[in-house]
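Reproduced below: input-v3.csv, with CSV, C-alpha atoms.
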chain,number,residue,atom,x,y,z
E,228,MET,CA,-28.7,37.2,67.4
E,229,SER,CA,-32.0,36.1,66.2
E,230,LYS,CA,-31.3,38.3,63.3
E,231,PHE,CA,-29.1,35.6,61.8
E,232,ARG,CA,-31.2,32.7,62.7
E,233,SER,CA,-33.6,31.8,60.0
E,234,ASN,CA,-36.8,30.4,60.9
E,235,GLY,CA,-38.0,27.2,59.3
E,236,LYS,CA,-35.9,24.6,57.4
E,237,ARG,CA,-33.4,25.8,54.9
E,238,GLU,CA,-33.2,24.0,51.7
E,239,MET,CA,-30.1,23.4,49.7
E,240,PRO,CA,-30.7,25.2,46.4
E,241,GLU,CA,-30.8,23.0,43.4
E,242,LEU,CA,-27.7,23.2,41.2
E,243,ASN,CA,-28.6,24.7,37.8
E,244,THR,CA,-27.6,22.1,35.3
E,245,SER,CA,-29.1,23.7,32.2
E,246,SER,CA,-25.7,24.6,30.8
E,247,LEU,CA,-24.3,21.1,31.2
E,248,PRO,CA,-25.3,19.8,27.7
E,249,ASP,CA,-23.7,22.8,26.2
E,250,LEU,CA,-20.5,22.1,28.1
E,251,ILE,CA,-20.5,18.5,27.1
E,252,PHE,CA,-21.2,19.4,23.5
E,253,THR,CA,-18.2,21.7,23.4
E,254,VAL,CA,-15.9,18.9,24.6
E,255,LEU,CA,-17.6,16.6,22.1
E,256,PHE,CA,-16.9,18.9,19.2
E,257,PHE,CA,-13.3,19.1,20.2
E,258,PHE,CA,-12.9,15.4,20.1
E,259,MET,CA,-14.8,15.1,16.9
E,260,MET,CA,-12.3,17.5,15.3
E,261,VAL,CA,-9.2,15.8,16.5
E,262,THR,CA,-10.4,12.3,15.9
E,263,SER,CA,-8.9,10.4,13.1
E,264,MET,CA,-10.2,6.9,12.8
E,265,ARG,CA,-7.5,4.3,12.5
E,266,GLU,CA,-7.4,3.5,8.8
E,267,VAL,CA,-5.4,0.3,8.8
E,268,GLU,CA,-5.3,-2.6,11.1
E,269,VAL,CA,-1.7,-3.2,12.0
E,270,LYS,CA,-1.0,-6.9,11.7
E,271,VAL,CA,2.6,-6.8,12.9
E,272,GLN,CA,3.8,-6.1,16.3
E,273,VAL,CA,5.8,-2.9,16.3
E,274,LYS,CA,7.4,-1.4,19.3
E,275,THR,CA,9.6,1.5,17.9
E,276,PRO,CA,12.8,2.5,19.7
E,277,ASN,CA,12.9,5.6,21.7
E,278,GLY,CA,15.1,8.7,21.2
E,279,THR,CA,15.5,11.9,23.0
E,280,THR,CA,16.5,15.3,21.6
E,281,GLU,CA,16.8,14.4,17.9
E,282,ILE,CA,13.2,13.2,17.3
E,283,GLU,CA,11.1,15.4,15.1
E,284,LYS,CA,7.4,15.4,14.9
E,285,LEU,CA,5.9,14.9,11.5
E,286,GLU,CA,3.5,17.7,11.0
E,287,ARG,CA,1.7,17.1,7.8
E,288,LYS,CA,0.0,13.7,7.9
E,289,SER,CA,-1.0,13.8,4.3
E,290,LEU,CA,2.7,13.6,3.2
E,291,VAL,CA,3.5,10.5,5.2
E,292,SER,CA,3.1,6.9,4.2
E,293,HIS,CA,3.8,4.1,6.6
E,294,ILE,CA,5.7,0.9,6.2
E,295,TYR,CA,5.5,-1.5,9.1
E,296,ILE,CA,8.1,-4.1,9.8
E,297,GLY,CA,7.9,-6.5,12.7
E,298,PRO,CA,6.9,-10.0,13.8
E,299,PRO,CA,3.3,-10.9,12.9
E,300,SER,CA,0.9,-10.3,15.8
E,301,LYS,CA,-0.6,-13.2,17.7
E,302,THR,CA,-3.5,-14.1,15.4
E,303,TYR,CA,-1.2,-14.4,12.4
E,304,ARG,CA,1.7,-15.9,14.1
E,305,ALA,CA,0.3,-19.5,13.9
E,306,VAL,CA,0.2,-19.3,10.2
E,307,LEU,CA,3.2,-17.1,9.3
E,308,GLY,CA,5.6,-17.9,12.1
E,309,PRO,CA,7.6,-15.4,14.2
E,310,ALA,CA,9.9,-14.1,11.4
E,311,PRO,CA,9.6,-10.3,10.8
E,312,ARG,CA,7.3,-9.3,8.0
E,313,ILE,CA,6.6,-6.2,6.0
E,314,GLN,CA,3.1,-4.7,6.1
E,315,LEU,CA,2.0,-2.2,3.4
E,316,ASN,CA,-1.6,-0.8,3.7
E,317,GLU,CA,-3.7,-3.7,5.0
E,318,ASN,CA,-1.7,-6.7,3.9
E,319,PHE,CA,1.6,-8.5,4.5
E,320,ALA,CA,3.9,-7.9,1.5
E,321,GLU,CA,7.2,-8.9,0.1
E,322,VAL,CA,10.0,-6.5,-0.4
E,323,GLU,CA,9.4,-6.4,-4.2
E,324,ALA,CA,5.9,-4.9,-3.6
E,325,ILE,CA,7.3,-1.7,-2.2
E,326,ARG,CA,8.0,-0.1,-5.5
E,327,GLU,CA,4.3,-0.6,-6.5
E,328,PHE,CA,3.2,0.7,-3.1
E,329,VAL,CA,5.4,3.8,-3.5
E,330,SER,CA,4.0,4.7,-6.9
E,331,ALA,CA,0.5,4.1,-5.7
E,332,GLU,CA,1.1,6.5,-2.8
E,333,ARG,CA,2.7,9.0,-5.0
E,334,GLU,CA,-0.2,8.9,-7.5
E,335,SER,CA,-2.7,9.7,-4.7
E,336,MET,CA,-0.9,12.9,-3.8
E,337,ALA,CA,-1.3,16.4,-5.1
E,338,GLU,CA,1.3,17.3,-7.7
E,339,LYS,CA,3.1,19.9,-5.6
E,340,ASP,CA,3.4,17.6,-2.6
E,341,LYS,CA,5.0,14.7,-4.5
E,342,PRO,CA,8.6,15.7,-3.9
E,343,LEU,CA,7.8,16.1,-0.2
E,344,MET,CA,6.6,12.5,0.3
E,345,LYS,CA,8.0,10.9,3.3
E,346,MET,CA,8.1,7.2,4.1
E,347,SER,CA,7.7,6.5,7.8
E,348,LEU,CA,9.4,3.2,8.7
E,349,LYS,CA,7.8,1.8,11.7
E,350,ILE,CA,10.2,-0.9,12.6
E,351,ASP,CA,10.2,-3.1,15.7
E,352,LYS,CA,13.3,-2.6,17.7
E,353,ASP,CA,14.1,-6.3,17.8
E,354,VAL,CA,14.1,-6.7,14.0
E,355,GLN,CA,17.4,-7.4,12.4
E,356,MET,CA,18.9,-5.0,9.9
E,357,GLY,CA,18.8,-7.4,6.9
E,358,ILE,CA,15.2,-6.8,6.1
E,359,VAL,CA,15.5,-3.1,6.9
E,360,ASN,CA,18.4,-2.8,4.4
E,361,ASP,CA,16.3,-4.6,1.7
E,362,VAL,CA,13.5,-2.2,2.3
E,363,LYS,CA,15.8,0.8,2.1
E,364,LEU,CA,17.3,-0.4,-1.2
E,365,GLU,CA,13.8,-0.9,-2.7
E,366,LEU,CA,12.9,2.6,-1.6
E,367,ARG,CA,16.0,4.0,-3.3
E,368,LYS,CA,15.1,2.2,-6.4
E,369,ALA,CA,11.6,3.6,-6.2
E,370,ARG,CA,13.1,7.1,-5.6
E,371,ALA,CA,11.3,7.6,-2.3
E,372,LEU,CA,14.3,9.0,-0.6
E,373,ASN,CA,12.9,10.9,2.3
E,374,ILE,CA,12.5,8.4,5.1
E,375,VAL,CA,11.8,8.7,8.8
E,376,TYR,CA,12.9,6.1,11.3
E,377,SER,CA,9.7,6.2,13.4
E,378,ALA,CA,10.5,6.5,17.1
E,379,GLY,CA,9.0,7.7,20.3
E,380,ILE,CA,10.2,10.4,22.5
E,381,ASP,CA,11.6,9.2,25.8
E,382,LYS,CA,10.9,12.2,28.1
E,383,SER,CA,12.4,10.6,31.1
E,384,GLN,CA,15.8,10.6,29.4
E,385,MET,CA,15.7,14.2,28.4
E,386,LYS,CA,17.7,16.6,30.5
F,417,MET,CA,-63.2,26.3,22.2
F,418,GLY,CA,-60.6,26.7,24.9
F,419,LYS,CA,-60.2,30.2,26.1
F,420,GLY,CA,-56.9,32.0,26.4
F,421,LYS,CA,-53.7,31.0,24.8
F,422,ARG,CA,-52.6,27.4,24.9
F,423,LYS,CA,-49.1,27.0,26.2
F,424,VAL,CA,-46.8,24.8,24.2
F,425,PRO,CA,-45.3,22.4,26.7
F,426,GLY,CA,-41.5,22.7,27.1
F,427,LEU,CA,-39.5,19.8,25.6
F,428,ASN,CA,-37.9,17.8,28.3
F,429,GLN,CA,-34.2,18.3,27.8
F,430,SER,CA,-32.9,16.4,30.8
F,431,SER,CA,-31.6,13.6,28.6
F,432,THR,CA,-29.6,15.8,26.2
F,433,ALA,CA,-26.7,15.7,28.5
F,434,ASP,CA,-26.8,11.9,28.7
F,435,ILE,CA,-26.9,11.6,24.9
F,436,SER,CA,-24.0,13.9,24.4
F,437,PHE,CA,-22.1,12.1,27.1
F,438,ILE,CA,-22.5,8.9,25.1
F,439,LEU,CA,-21.3,10.6,22.0
F,440,LEU,CA,-18.4,12.2,23.9
F,441,ILE,CA,-17.3,8.8,25.3
F,442,PHE,CA,-17.4,7.3,21.8
F,443,PHE,CA,-15.1,9.9,20.4
F,444,LEU,CA,-12.9,9.8,23.4
F,445,VAL,CA,-12.4,6.1,22.8
F,446,THR,CA,-11.8,6.2,19.1
F,447,THR,CA,-9.5,9.3,19.2
F,448,SER,CA,-5.9,8.6,18.6
F,449,MET,CA,-4.0,11.8,18.9
F,450,ASP,CA,-0.6,10.2,18.3
F,451,ILE,CA,1.4,12.3,16.1
F,452,ASP,CA,4.1,10.3,14.3
F,453,SER,CA,7.6,11.2,15.2
F,454,GLY,CA,11.0,10.0,14.3
F,455,LEU,CA,14.5,10.5,12.9
F,456,SER,CA,14.5,12.0,9.4
F,457,ARG,CA,17.0,10.8,6.9
F,458,ARG,CA,17.5,11.2,3.2
F,459,LEU,CA,18.6,8.1,1.3
F,460,PRO,CA,21.1,8.4,-1.5
F,461,GLU,CA,19.9,8.2,-5.1
F,462,TYR,CA,20.0,4.7,-6.5
F,463,ASP,CA,22.5,4.6,-9.2
F,464,PRO,CA,24.6,1.6,-9.9
F,465,ASP,CA,27.3,3.7,-11.6
F,466,ALA,CA,27.8,5.9,-8.6
F,467,ILE,CA,30.1,3.4,-6.9
F,468,GLU,CA,33.0,4.7,-9.0
F,469,GLU,CA,32.5,8.2,-7.6
F,470,GLU,CA,32.7,7.1,-4.1
F,471,MET,CA,36.0,5.5,-4.6
F,472,LYS,CA,37.6,8.9,-5.0
F,473,ILE,CA,36.9,10.0,-1.4
F,474,LYS,CA,40.2,10.4,0.4
F,475,GLU,CA,40.8,8.1,3.3
F,476,ARG,CA,41.2,10.9,5.9
F,477,ASN,CA,37.8,12.2,5.0
F,478,VAL,CA,36.0,9.0,5.9
F,479,MET,CA,34.9,7.7,9.2
F,480,THR,CA,33.5,4.2,9.1
F,481,VAL,CA,31.1,3.2,11.8
F,482,GLN,CA,30.4,-0.5,11.7
F,483,VAL,CA,27.8,-2.3,13.8
F,484,ASN,CA,28.5,-6.0,13.6
F,485,LYS,CA,26.3,-9.0,14.3
F,486,ASN,CA,27.2,-9.0,18.0
F,487,ASN,CA,26.0,-5.4,18.1
F,488,GLU,CA,29.5,-4.1,18.8
F,489,ILE,CA,30.3,-0.7,17.3
F,490,PHE,CA,33.6,-0.4,15.5
F,491,VAL,CA,34.9,3.0,14.5
F,492,LYS,CA,37.6,3.6,12.1
F,493,ASN,CA,39.1,7.0,11.0
F,494,GLY,CA,42.5,8.6,10.9
F,495,VAL,CA,43.0,8.6,14.7
F,496,ILE,CA,40.9,5.7,16.0
F,497,ASN,CA,40.5,2.1,14.9
F,498,ARG,CA,38.8,0.1,17.6
F,499,VAL,CA,35.6,-1.1,19.1
F,500,ILE,CA,33.9,1.6,21.2
F,501,ASP,CA,31.0,2.0,23.6
F,502,ILE,CA,28.0,3.8,22.3
F,503,SER,CA,28.5,6.6,24.9
F,504,GLU,CA,31.8,7.5,23.2
F,505,LEU,CA,30.4,7.8,19.7
F,506,LYS,CA,29.0,11.3,19.9
F,507,ASP,CA,32.3,12.9,21.0
F,508,LEU,CA,34.3,10.9,18.5
F,509,ALA,CA,32.0,12.0,15.7
F,510,LYS,CA,32.1,15.6,16.9
F,511,GLU,CA,35.9,15.6,16.8
F,512,PHE,CA,35.9,14.0,13.4
F,513,ILE,CA,33.4,16.4,11.9
F,514,ASP,CA,34.8,19.5,13.4
F,515,ASN,CA,38.5,18.7,13.3
F,516,PRO,CA,39.2,21.5,15.8
F,517,ASP,CA,43.0,21.2,15.8
F,518,ASP,CA,43.3,20.9,12.1
F,519,ASP,CA,44.8,17.4,12.5
F,520,VAL,CA,46.2,16.0,9.2
F,521,ARG,CA,44.6,12.6,10.0
F,522,LEU,CA,41.1,14.0,10.3
F,523,PRO,CA,39.0,15.5,7.4
F,524,ILE,CA,40.6,18.3,5.4
F,525,LYS,CA,39.3,21.8,6.2
F,526,GLU,CA,38.5,23.9,3.2
F,527,GLU,CA,37.1,27.3,2.5
F,528,TYR,CA,33.5,26.9,1.6
F,529,ASP,CA,31.3,29.6,0.1
F,530,ILE,CA,27.8,29.7,1.6
F,531,GLN,CA,25.2,31.6,-0.4
F,532,ASP,CA,24.1,34.8,1.3
F,533,TYR,CA,26.6,34.4,4.1
F,534,GLY,CA,30.2,34.2,3.0
F,535,VAL,CA,33.1,31.9,3.2
F,536,VAL,CA,33.6,29.6,6.2
F,537,VAL,CA,36.3,27.1,6.8
F,538,THR,CA,34.8,23.7,7.4
F,539,THR,CA,35.2,20.0,6.6
F,540,VAL,CA,33.0,20.0,3.6
F,541,ARG,CA,34.2,16.7,2.3
F,542,HIS,CA,33.8,14.5,5.3
F,543,VAL,CA,31.7,11.4,5.1
F,544,ILE,CA,30.4,9.2,7.9
F,545,SER,CA,29.8,5.8,6.5
F,546,LEU,CA,27.5,3.7,8.5
F,547,GLN,CA,27.6,0.0,7.8
F,548,CYS,CA,25.9,-2.9,9.4
F,549,ASP,CA,25.5,-6.6,9.2
F,550,ARG,CA,22.3,-8.3,8.1
F,551,THR,CA,21.8,-9.6,11.7
F,552,THR,CA,22.5,-6.3,13.5
F,553,ASN,CA,19.8,-5.4,15.9
F,554,TYR,CA,17.7,-2.5,14.6
F,555,GLU,CA,17.6,-0.7,18.0
F,556,ILE,CA,21.4,-0.5,18.2
F,557,TYR,CA,21.5,0.8,14.7
F,558,PHE,CA,18.9,3.4,15.5
F,559,LYS,CA,20.8,4.5,18.6
F,560,VAL,CA,24.0,4.9,16.5
F,561,GLN,CA,22.0,7.1,14.1
F,562,HIS,CA,20.6,9.0,17.0
F,563,GLU,CA,24.1,9.6,18.5
F,564,LEU,CA,25.4,10.8,15.1
F,565,SER,CA,22.5,13.2,14.8
F,566,LYS,CA,23.2,14.5,18.3
F,567,ALA,CA,26.8,15.2,17.3
F,568,TYR,CA,25.7,17.3,14.4
F,569,THR,CA,23.1,19.1,16.5
F,570,GLU,CA,25.6,20.0,19.2
F,571,LEU,CA,28.1,21.3,16.7
F,572,ARG,CA,25.5,23.4,14.9
F,573,ASP,CA,24.3,24.7,18.2
F,574,ALA,CA,27.8,25.7,19.3
F,575,TRP,CA,28.5,27.4,15.9
F,576,ALA,CA,25.1,29.2,16.0
F,577,LEU,CA,25.8,30.4,19.5
F,578,LYS,CA,29.2,31.7,18.5
F,579,THR,CA,28.1,33.4,15.3
F,580,PHE,CA,24.5,34.5,15.9
F,581,GLY,CA,24.5,34.4,19.7
F,582,LYS,CA,21.7,31.9,19.9
F,583,LYS,CA,20.9,28.2,19.5
F,584,LEU,CA,19.9,26.7,16.2
F,585,SER,CA,16.3,26.3,17.1
F,586,GLU,CA,16.1,30.0,18.0
F,587,CYS,CA,17.7,31.2,14.8
F,588,ASP,CA,15.7,32.7,12.0
F,589,GLU,CA,14.3,29.9,9.9
F,590,LYS,CA,14.7,31.6,6.5
F,591,THR,CA,18.1,33.3,6.8
F,592,GLN,CA,20.1,31.8,9.6
F,593,GLN,CA,19.2,28.2,10.0
F,594,PRO,CA,20.1,27.2,6.4
F,595,VAL,CA,23.6,28.8,6.9
F,596,VAL,CA,24.2,26.8,10.1
F,597,ARG,CA,23.0,23.6,8.4
F,598,ALA,CA,25.3,24.3,5.5
F,599,VAL,CA,28.4,24.7,7.7
F,600,TYR,CA,27.8,21.4,9.3
F,601,ALA,CA,25.9,19.5,6.6
F,602,SER,CA,24.9,16.1,7.6
F,603,LYS,CA,26.9,13.5,5.6
F,604,ILE,CA,25.9,10.2,6.8
F,605,SER,CA,26.1,7.5,4.2
F,606,GLU,CA,23.9,4.5,4.8
F,607,ALA,CA,24.9,2.8,1.6
F,608,GLU,CA,25.6,-0.9,1.4
F,609,PRO,CA,28.9,-2.0,2.7
F,610,LYS,CA,31.7,-1.5,0.2
F,611,GLN,CA,35.4,-1.2,0.1
F,612,TYR,CA,36.7,2.3,0.1
F,613,GLY,CA,39.8,2.9,-2.0
F,614,THR,CA,42.9,4.6,-0.8
F,615,ALA,CA,43.3,6.4,-4.1
F,616,GLN,CA,44.6,9.9,-4.1
With the file now loaded, output its structure as structure tokens.
Amino acid sequence: MSKFRSNGKREMPELNTSSLPDLIFTVLFFFMMVTSMREVEVKVQVKTPNGTTEIEKLERKSLVSHIYIGPPSKTYRAVLGPAPRIQLNENFAEVEAIREFVSAERESMAEKDKPLMKMSLKIDKDVQMGIVNDVKLELRKARALNIVYSAGIDKSQMK
Amino acid sequence: MGKGKRKVPGLNQSSTADISFILLIFFLVTTSMDIDSGLSRRLPEYDPDAIEEEMKIKERNVMTVQVNKNNEIFVKNGVINRVIDISELKDLAKEFIDNPDDDVRLPIKEEYDIQDYGVVVTTVRHVISLQCDRTTNYEIYFKVQHELSKAYTELRDAWALKTFGKKLSECDEKTQQPVVRAVYASKISEAEPKQYGTAQ
């Protein structure tokens, strides 16, 4: 019996933490890779509708330009009122500015990517169609014909 | 002066973990991994002269889906002409696009030659015209679009299953998927409301 009984106090061995920084660094590098800083501040409130099976993911971010439509967010509402507004890049814009926006976006693209340009319409679900139709008409005039109605994927509704 | 080698004291690295933790937390917070997703559509070319062309579409080939200002969905084609619930829309659209019984009131079925595949009989000339009021709610409009998309997807899946023995998403991207998409090509017109003629 005494074979198993150790004499003297046993000490809990210290955990070797020397590899901890390496571990953390690995995770850090992962997040550094996937990070994309938010380029624009969204000044309108946009809650996109949800779909289920038909929603596609947009893989190449460089091809996509965003147009936001929704009521101004709280800070701007006092000045602009609750009516839905269009946001291009950083600023509120009128429908007429879309053509300019499209050509600017097109200019910034590589030549071979130009026909693949996609406009992602991030539209709040409570917006009325009038403003959306105006935007669509402008996009047609600007020959930006590939559009995406931005929407989330509602996983709970999927069978 | 000193004898023997002098030992370089080891750098105390115990704070490296803390530093990298702080960096890690910073990137965790700023990361937005949201991939944009949505419903893809192609708008028609803008051409003021094109209106004449559209007048020539036969009435039986057109299904009009109207969403009015009270967000009611009104469907009109050869067989139906009433307000419907959104849950009915998919099946109505499928029946319209496919015309399984070769109904004379639904789109005409024609032989259609698909490149690299052959001739199929399908409703090449059908058009779903989606119209809405300026005060229609966007969410309802989106749901209508979504249901119409679903109708196409289900028809394509069924056809792919029958022909290639697998669903569209499992078909070969280069050779089979374009064929399936050509058989049931999406013809949703989102143009401004206009009067369709009954000519021809």
Exercise: Asn277 (chain E) partners within 12 Å, all atoms listed in the file, chain neighbours under 6 positions left out, as JSON, numbers by chain = {"E": [283, 349, 350, 351, 352, 376, 377, 378, 379, 380, 381, 382, 383, 384, 385], "F": [453, 454, 455, 554, 555, 556, 558, 559, 561, 562]}
Go ahead and write the selection's residues with C-alpha atoms as an mmCIF file, in the coordinates of the input.
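Okay, this is what ended up in again.cif:
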data_model
loop_
_atom_site.group_PDB
_atom_site.id
_atom_site.type_symbol
_atom_site.label_atom_id
_atom_site.label_comp_id
_atom_site.auth_asym_id
_atom_site.auth_seq_id
_atom_site.Cartn_x
_atom_site.Cartn_y
_atom_site.Cartn_z
ATOM 1 C CA GLU E 283 11.100 15.400 15.100
ATOM 2 C CA LYS E 349 7.800 1.800 11.700
ATOM 3 C CA ILE E 350 10.200 -0.900 12.600
ATOM 4 C CA ASP E 351 10.200 -3.100 15.700
ATOM 5 C CA LYS E 352 13.300 -2.600 17.700
ATOM 6 C CA TYR E 376 12.900 6.100 11.300
ATOM 7 C CA SER E 377 9.700 6.200 13.400
ATOM 8 C CA ALA E 378 10.500 6.500 17.100
ATOM 9 C CA GLY E 379 9.000 7.700 20.300
ATOM 10 C CA ILE E 380 10.200 10.400 22.500
ATOM 11 C CA ASP E 381 11.600 9.200 25.800
ATOM 12 C CA LYS E 382 10.900 12.200 28.100
ATOM 13 C CA SER E 383 12.400 10.600 31.100
ATOM 14 C CA GLN E 384 15.800 10.600 29.400
ATOM 15 C CA MET E 385 15.700 14.200 28.400
ATOM 16 C CA SER F 453 7.600 11.200 15.200
ATOM 17 C CA GLY F 454 11.000 10.000 14.300
ATOM 18 C CA LEU F 455 14.500 10.500 12.900
ATOM 19 C CA TYR F 554 17.700 -2.500 14.600
ATOM 20 C CA GLU F 555 17.600 -0.700 18.000
ATOM 21 C CA ILE F 556 21.400 -0.500 18.200
ATOM 22 C CA PHE F 558 18.900 3.400 15.500
ATOM 23 C CA LYS F 559 20.800 4.500 18.600
ATOM 24 C CA GLN F 561 22.000 7.100 14.100
ATOM 25 C CA HIS F 562 20.600 9.000 17.000
#
Rank nothing, just name the residue among E:Asn243, E:Phe252, E:Arg370, E:Val269 nearest to Ile438 (chain F), using all atoms listed in the file.
-> E:Phe252
Compare E:Lys270, E:Arg326, E:Lys339, E:Lys301 by their minimum atom-to-atom distance to Val362 (chain E), counting only C-alpha atoms, and give me the closest one.
-> E:Arg326
For chain F, report every residue with an atom at most 9 Å from chain E (counting all atoms listed in the file), formatted as a PyMOL selection string.
-> chain F and resi 429-437+439-441+443-444+446-449+451-463+548-559+562-563+565-566+569+607-608
Nearest to Gly534 (chain F) among F:Val595, F:Phe490, F:Leu546, F:Val424, with distances taken over all atoms listed in the file: which residue is it?
->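 Result for the nearest residue to Gly534 (chain F): F:Val595.
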So which residues touch region 314-321 of chain E within 9 Å, counting only C-alpha atoms, skipping near sequence neighbours fewer than 4 positions away, as a list in words?
-> Glu266, Val267, Glu268, Val269, Lys270, Val271, His293, Ile294, Tyr295, Ile296, Gly297, Pro299, Ile325 and Phe328 of chain E
Leaving out Asp340 (chain E) and any residue of its chain fewer than 6 positions from it, which residues lie within 10 Å of it when counting all atoms listed in the file, given as a VMD selection string?
-> chain E and resid 289 to 290 333
Output region 450-461 of chain F as a compact mmCIF listing (two decimals), in the coordinates of the input, making sure N, CA and C atoms are there.
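Written file, rebuild00.txt:
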# COMPACT_ATOMS: atom_id res chain seq x y z
N ASP F 450 -2.06 10.36 18.45
CA ASP F 450 -0.60 10.20 18.30
C ASP F 450 -0.14 10.81 17.01
N ILE F 451 0.79 11.73 17.20
CA ILE F 451 1.40 12.30 16.10
C ILE F 451 2.71 11.51 15.83
N ASP F 452 2.90 11.13 14.59
CA ASP F 452 4.10 10.30 14.30
C ASP F 452 5.33 11.14 14.49
N SER F 453 6.33 10.53 15.05
CA SER F 453 7.60 11.20 15.20
C SER F 453 8.73 10.28 14.88
N GLY F 454 9.86 10.82 14.61
CA GLY F 454 11.00 10.00 14.30
C GLY F 454 12.20 10.74 13.82
N LEU F 455 13.17 9.99 13.33
CA LEU F 455 14.50 10.50 12.90
C LEU F 455 14.46 10.63 11.40
N SER F 456 14.55 11.83 10.86
CA SER F 456 14.50 12.00 9.40
C SER F 456 15.84 11.73 8.77
N ARG F 457 15.81 11.07 7.66
CA ARG F 457 17.00 10.80 6.90
C ARG F 457 16.71 10.90 5.42
N ARG F 458 17.73 11.22 4.65
CA ARG F 458 17.50 11.20 3.20
C ARG F 458 18.44 10.11 2.63
N LEU F 459 17.85 9.20 1.90
CA LEU F 459 18.60 8.10 1.30
C LEU F 459 19.34 8.64 0.05
N PRO F 460 20.46 8.04 -0.28
CA PRO F 460 21.10 8.40 -1.50
C PRO F 460 20.35 7.94 -2.74
N GLU F 461 20.53 8.60 -3.85
CA GLU F 461 19.90 8.20 -5.10
C GLU F 461 20.40 6.76 -5.44
